[in-house]
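Trainee: Input: one structure, supplied below.
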Amino acid sequence: MITAFRVVKEKHASNAFSGEGSRRFGGRWNHKGVAVVYLSDTLSLAALEQFIHLGREGLHIPFVYFTIEIPDHVSVNHIERDTLPKDWRKQPPPNSNKNLGTQWVKSKVSALLRVPAVILPIEFNYIADLTHPEFKDIKISDPQSFGFDSRMWK
């Protein structure tokens, strides 16, 4: 079994697995119009993925995290770092990344896509295809309270 994590603002907890944010705005691994959910290998990576989008106001925003249990039979495709274009870590995210993720969603080849994390390239994030038939087998915990240590804003 794979365990993954997701950190979101508490006010978004009820729709944390709708894919609405990625559908509306796109992401590193998906074009606008494609609904996916981004997960991380560890809670600390999920927190960093959230933290990089915060300013000082983040110190006062309540967050929650979810633990996601992915059974062994749920299919996972992997993208290895050495197969990615040289610009895969650029900001804003290049279309080559978005094309890879969007093509993966359309292929329905797996419920999850494991990708290297831009922040810590030796760690991994997962892109979840909410419409894949195996997604229903993934167990998502109730939201748990989460907060960032104030020293992170020094």
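Following the order of the structure tokens, chains are lettered A, B, ..., residues in each are numbered from 1, and ligands are numbered from 1.
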Find the nearest atom pair between each residue of stretch 95-141 of chain A and stretch 12-29 of chain A for residues within 6 Å, count only C-alpha atoms, give distances in Å to one decimal, sort rows by chain and ascending number, and present the table as JSON lines.
Mentor:
```
{"residue": "A:Asn97", "atom": "CA", "partner": "A:Trp29", "partner_atom": "CA", "distance": 5.2}
{"residue": "A:Lys98", "atom": "CA", "partner": "A:Trp29", "partner_atom": "CA", "distance": 4.3}
{"residue": "A:Gly101", "atom": "CA", "partner": "A:Trp29", "partner_atom": "CA", "distance": 4.6}
```
Trainee: Residues of chain A in alpha helix (DSSP H) according to DSSP, as a list in words?
Mentor: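 Put together, the selection reads Glu20, Gly21, Ser22, Arg23, Arg24, Phe25, Leu43, Ser44, Leu45, Ala46, Ala47, Leu48, Glu49, Gln50, Phe51, Asn95, Ser96, Asn97, Lys98, Asn99, Leu100, Gly101, Thr102, Gln103, Trp104, Val105, Lys106 and Ser107 of chain A.
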Trainee: Would you put the residues from that selection into a file with C-alpha atoms, as a PDB file, in the first residue's frame?
Mentor:
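File part-v3.pdb, as written:
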```pdb
ATOM      1  CA  GLU A  20     -11.855  21.948  -9.274  1.00  0.00           C
ATOM      2  CA  GLY A  21      -8.745  24.035  -8.598  1.00  0.00           C
ATOM      3  CA  SER A  22      -6.628  22.170 -11.131  1.00  0.00           C
ATOM      4  CA  ARG A  23      -9.486  22.205 -13.642  1.00  0.00           C
ATOM      5  CA  ARG A  24      -9.907  25.973 -13.340  1.00  0.00           C
ATOM      6  CA  PHE A  25      -6.257  27.009 -13.181  1.00  0.00           C
ATOM      7  CA  LEU A  43       3.256  15.089   4.840  1.00  0.00           C
ATOM      8  CA  SER A  44       6.313  17.351   4.911  1.00  0.00           C
ATOM      9  CA  LEU A  45       6.430  17.510   1.101  1.00  0.00           C
ATOM     10  CA  ALA A  46       2.676  18.189   0.961  1.00  0.00           C
ATOM     11  CA  ALA A  47       3.239  21.040   3.436  1.00  0.00           C
ATOM     12  CA  LEU A  48       6.105  22.486   1.370  1.00  0.00           C
ATOM     13  CA  GLU A  49       3.997  22.268  -1.783  1.00  0.00           C
ATOM     14  CA  GLN A  50       1.382  24.418  -0.027  1.00  0.00           C
ATOM     15  CA  PHE A  51       3.895  26.714   1.686  1.00  0.00           C
ATOM     16  CA  ASN A  95       3.799  22.994 -21.608  1.00  0.00           C
ATOM     17  CA  SER A  96       5.870  19.818 -21.936  1.00  0.00           C
ATOM     18  CA  ASN A  97       4.960  18.894 -18.335  1.00  0.00           C
ATOM     19  CA  LYS A  98       1.332  19.854 -18.793  1.00  0.00           C
ATOM     20  CA  ASN A  99       1.160  17.820 -21.996  1.00  0.00           C
ATOM     21  CA  LEU A 100       2.583  14.719 -20.269  1.00  0.00           C
ATOM     22  CA  GLY A 101       0.051  14.868 -17.434  1.00  0.00           C
ATOM     23  CA  THR A 102      -2.904  15.767 -19.620  1.00  0.00           C
ATOM     24  CA  GLN A 103      -2.113  12.953 -22.082  1.00  0.00           C
ATOM     25  CA  TRP A 104      -1.807  10.547 -19.137  1.00  0.00           C
ATOM     26  CA  VAL A 105      -5.289  11.540 -17.842  1.00  0.00           C
ATOM     27  CA  LYS A 106      -6.809  11.091 -21.288  1.00  0.00           C
ATOM     28  CA  SER A 107      -5.176   7.653 -21.701  1.00  0.00           C
TER      29      SER A 107
END
```
Trainee: According to DSSP computed on the backbone, where in stretch 43-92 of chain A is there strand (DSSP E)? Give the residues as a list in words.
Mentor: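 After running DSSP on the backbone, stretch 43-92 of chain A has strand (DSSP E) at Phe63, Val64, Tyr65, Phe66, Thr67, Ile68, Glu69, Ile70, Val76, Asn77 and His78 of chain A.
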Trainee: Write out as a compact mmCIF listing (two decimals) with C-alpha atoms, in the first residue's frame the residues lying within 10 Å of A:Pro71, counting only C-alpha atoms and excluding same-chain residues fewer than 2 positions away.
Mentor:
```txt
# COMPACT_ATOMS: atom_id res chain seq x y z
CA MET A 1 0.00 0.00 0.00
CA ILE A 2 1.12 3.54 -0.77
CA THR A 3 0.39 6.30 1.72
CA ILE A 68 -4.59 8.89 1.50
CA GLU A 69 -4.23 5.11 1.46
CA HIS A 73 -3.99 -3.12 -6.78
CA VAL A 74 -4.51 0.56 -7.73
CA SER A 75 -2.47 1.25 -10.86
CA GLU A 134 -9.79 2.56 -9.52
CA ASP A 137 -10.72 2.17 -4.11
CA ILE A 138 -8.51 4.87 -2.61
CA LYS A 139 -9.23 5.62 1.07
```
Trainee: Report the distance between atom CA of A:Trp153 and atom CA of A:Arg6 in Å, rounded to one decimal place.
Mentor: 21.3 Å
Trainee: Restricting the calculation to only C-alpha atoms: of A:Gly147, A:Pro121, A:Gly33, A:Pro62, which residue gets closest to A:Asp82?
Mentor: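 Residue with the minimum atom-to-atom distance to A:Asp82: A:Pro121.
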Trainee: Smallest atom-to-atom distance to A:Pro93: which of A:Val76, A:Val36, A:Val118, A:Val109, using only C-alpha atoms?
Mentor: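 Of A:Val76, A:Val36, A:Val118, A:Val109, the one nearest A:Pro93, counting only C-alpha atoms, is A:Val118.
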Trainee: Skipping near chain neighbours, those fewer than 2 positions away, what residues fall within 7 Å of A:Phe5 using only C-alpha atoms, listed as an NGL selection string?
Mentor: :A and (7 or 39-43 or 46 or 65-68)
Trainee: Those same residues, written as an mmCIF file, in the first residue's frame with N, CA and C atoms?
Mentor:
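Result file is selection_0.cif:
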```
data_model
loop_
_atom_site.group_PDB
_atom_site.id
_atom_site.type_symbol
_atom_site.label_atom_id
_atom_site.label_comp_id
_atom_site.auth_asym_id
_atom_site.auth_seq_id
_atom_site.Cartn_x
_atom_site.Cartn_y
_atom_site.Cartn_z
ATOM 1 N N VAL A 7 -2.330 18.645 1.763
ATOM 2 C CA VAL A 7 -2.552 19.767 2.684
ATOM 3 C C VAL A 7 -3.336 20.829 1.934
ATOM 4 N N LEU A 39 -1.148 14.990 -4.889
ATOM 5 C CA LEU A 39 -0.829 14.370 -3.605
ATOM 6 C C LEU A 39 0.689 14.319 -3.468
ATOM 7 N N SER A 40 1.168 14.094 -2.253
ATOM 8 C CA SER A 40 2.608 13.998 -2.020
ATOM 9 C C SER A 40 2.943 12.731 -1.254
ATOM 10 N N ASP A 41 4.167 12.268 -1.452
ATOM 11 C CA ASP A 41 4.694 11.075 -0.781
ATOM 12 C C ASP A 41 4.723 11.192 0.728
ATOM 13 N N THR A 42 4.993 12.396 1.221
ATOM 14 C CA THR A 42 5.122 12.624 2.663
ATOM 15 C C THR A 42 4.310 13.853 3.061
ATOM 16 N N LEU A 43 3.973 13.921 4.336
ATOM 17 C CA LEU A 43 3.256 15.089 4.840
ATOM 18 C C LEU A 43 4.136 16.332 4.734
ATOM 19 N N ALA A 46 3.996 17.577 1.203
ATOM 20 C CA ALA A 46 2.676 18.189 0.961
ATOM 21 C C ALA A 46 2.624 19.582 1.585
ATOM 22 N N TYR A 65 -4.908 18.488 6.787
ATOM 23 C CA TYR A 65 -4.262 17.525 5.902
ATOM 24 C C TYR A 65 -5.092 16.252 5.859
ATOM 25 N N PHE A 66 -4.916 15.537 4.782
ATOM 26 C CA PHE A 66 -5.581 14.264 4.565
ATOM 27 C C PHE A 66 -4.509 13.195 4.380
ATOM 28 N N THR A 67 -4.763 12.026 4.916
ATOM 29 C CA THR A 67 -3.932 10.857 4.653
ATOM 30 C C THR A 67 -4.675 10.010 3.634
ATOM 31 N N ILE A 68 -3.980 9.636 2.592
ATOM 32 C CA ILE A 68 -4.594 8.890 1.496
ATOM 33 C C ILE A 68 -3.932 7.518 1.430
#
```
Trainee: Expressed in Å to a single decimal, how great is the separation between atom CA of A:Ile119 and atom CA of A:Ala35?
Mentor: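 Taking atom CA of A:Ile119 and atom CA of A:Ala35, their separation equals 22.2 Å.
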Trainee: Quick one: everything within 8 Å of A:Arg114, counting only C-alpha atoms, minus sequence neighbours fewer than 5 positions away in the same chain. Send it as an mmCIF file with N, CA and C atoms, in the first residue's frame.
Mentor:
```cif
data_model
loop_
_atom_site.group_PDB
_atom_site.id
_atom_site.type_symbol
_atom_site.label_atom_id
_atom_site.label_comp_id
_atom_site.auth_asym_id
_atom_site.auth_seq_id
_atom_site.Cartn_x
_atom_site.Cartn_y
_atom_site.Cartn_z
ATOM 1 N N VAL A 76 -0.443 2.582 -10.843
ATOM 2 C CA VAL A 76 0.369 3.787 -10.747
ATOM 3 C C VAL A 76 1.389 3.769 -11.885
ATOM 4 N N ASN A 77 1.381 4.792 -12.716
ATOM 5 C CA ASN A 77 2.430 4.984 -13.716
ATOM 6 C C ASN A 77 3.485 5.897 -13.115
ATOM 7 N N HIS A 78 4.722 5.756 -13.584
ATOM 8 C CA HIS A 78 5.834 6.546 -13.060
ATOM 9 C C HIS A 78 6.472 7.339 -14.183
ATOM 10 N N ILE A 79 6.796 8.585 -13.879
ATOM 11 C CA ILE A 79 7.642 9.382 -14.766
ATOM 12 C C ILE A 79 8.965 9.557 -14.027
ATOM 13 N N PHE A 124 8.650 12.492 -4.346
ATOM 14 C CA PHE A 124 7.643 12.329 -5.392
ATOM 15 C C PHE A 124 6.278 12.864 -5.000
ATOM 16 N N ASN A 125 5.592 13.358 -6.006
ATOM 17 C CA ASN A 125 4.182 13.707 -5.906
ATOM 18 C C ASN A 125 3.400 12.716 -6.749
ATOM 19 N N TYR A 126 2.118 12.666 -6.504
ATOM 20 C CA TYR A 126 1.215 11.833 -7.287
ATOM 21 C C TYR A 126 0.125 12.708 -7.860
ATOM 22 N N ILE A 127 -0.223 12.450 -9.102
ATOM 23 C CA ILE A 127 -1.353 13.102 -9.730
ATOM 24 C C ILE A 127 -2.452 12.042 -9.756
#
```
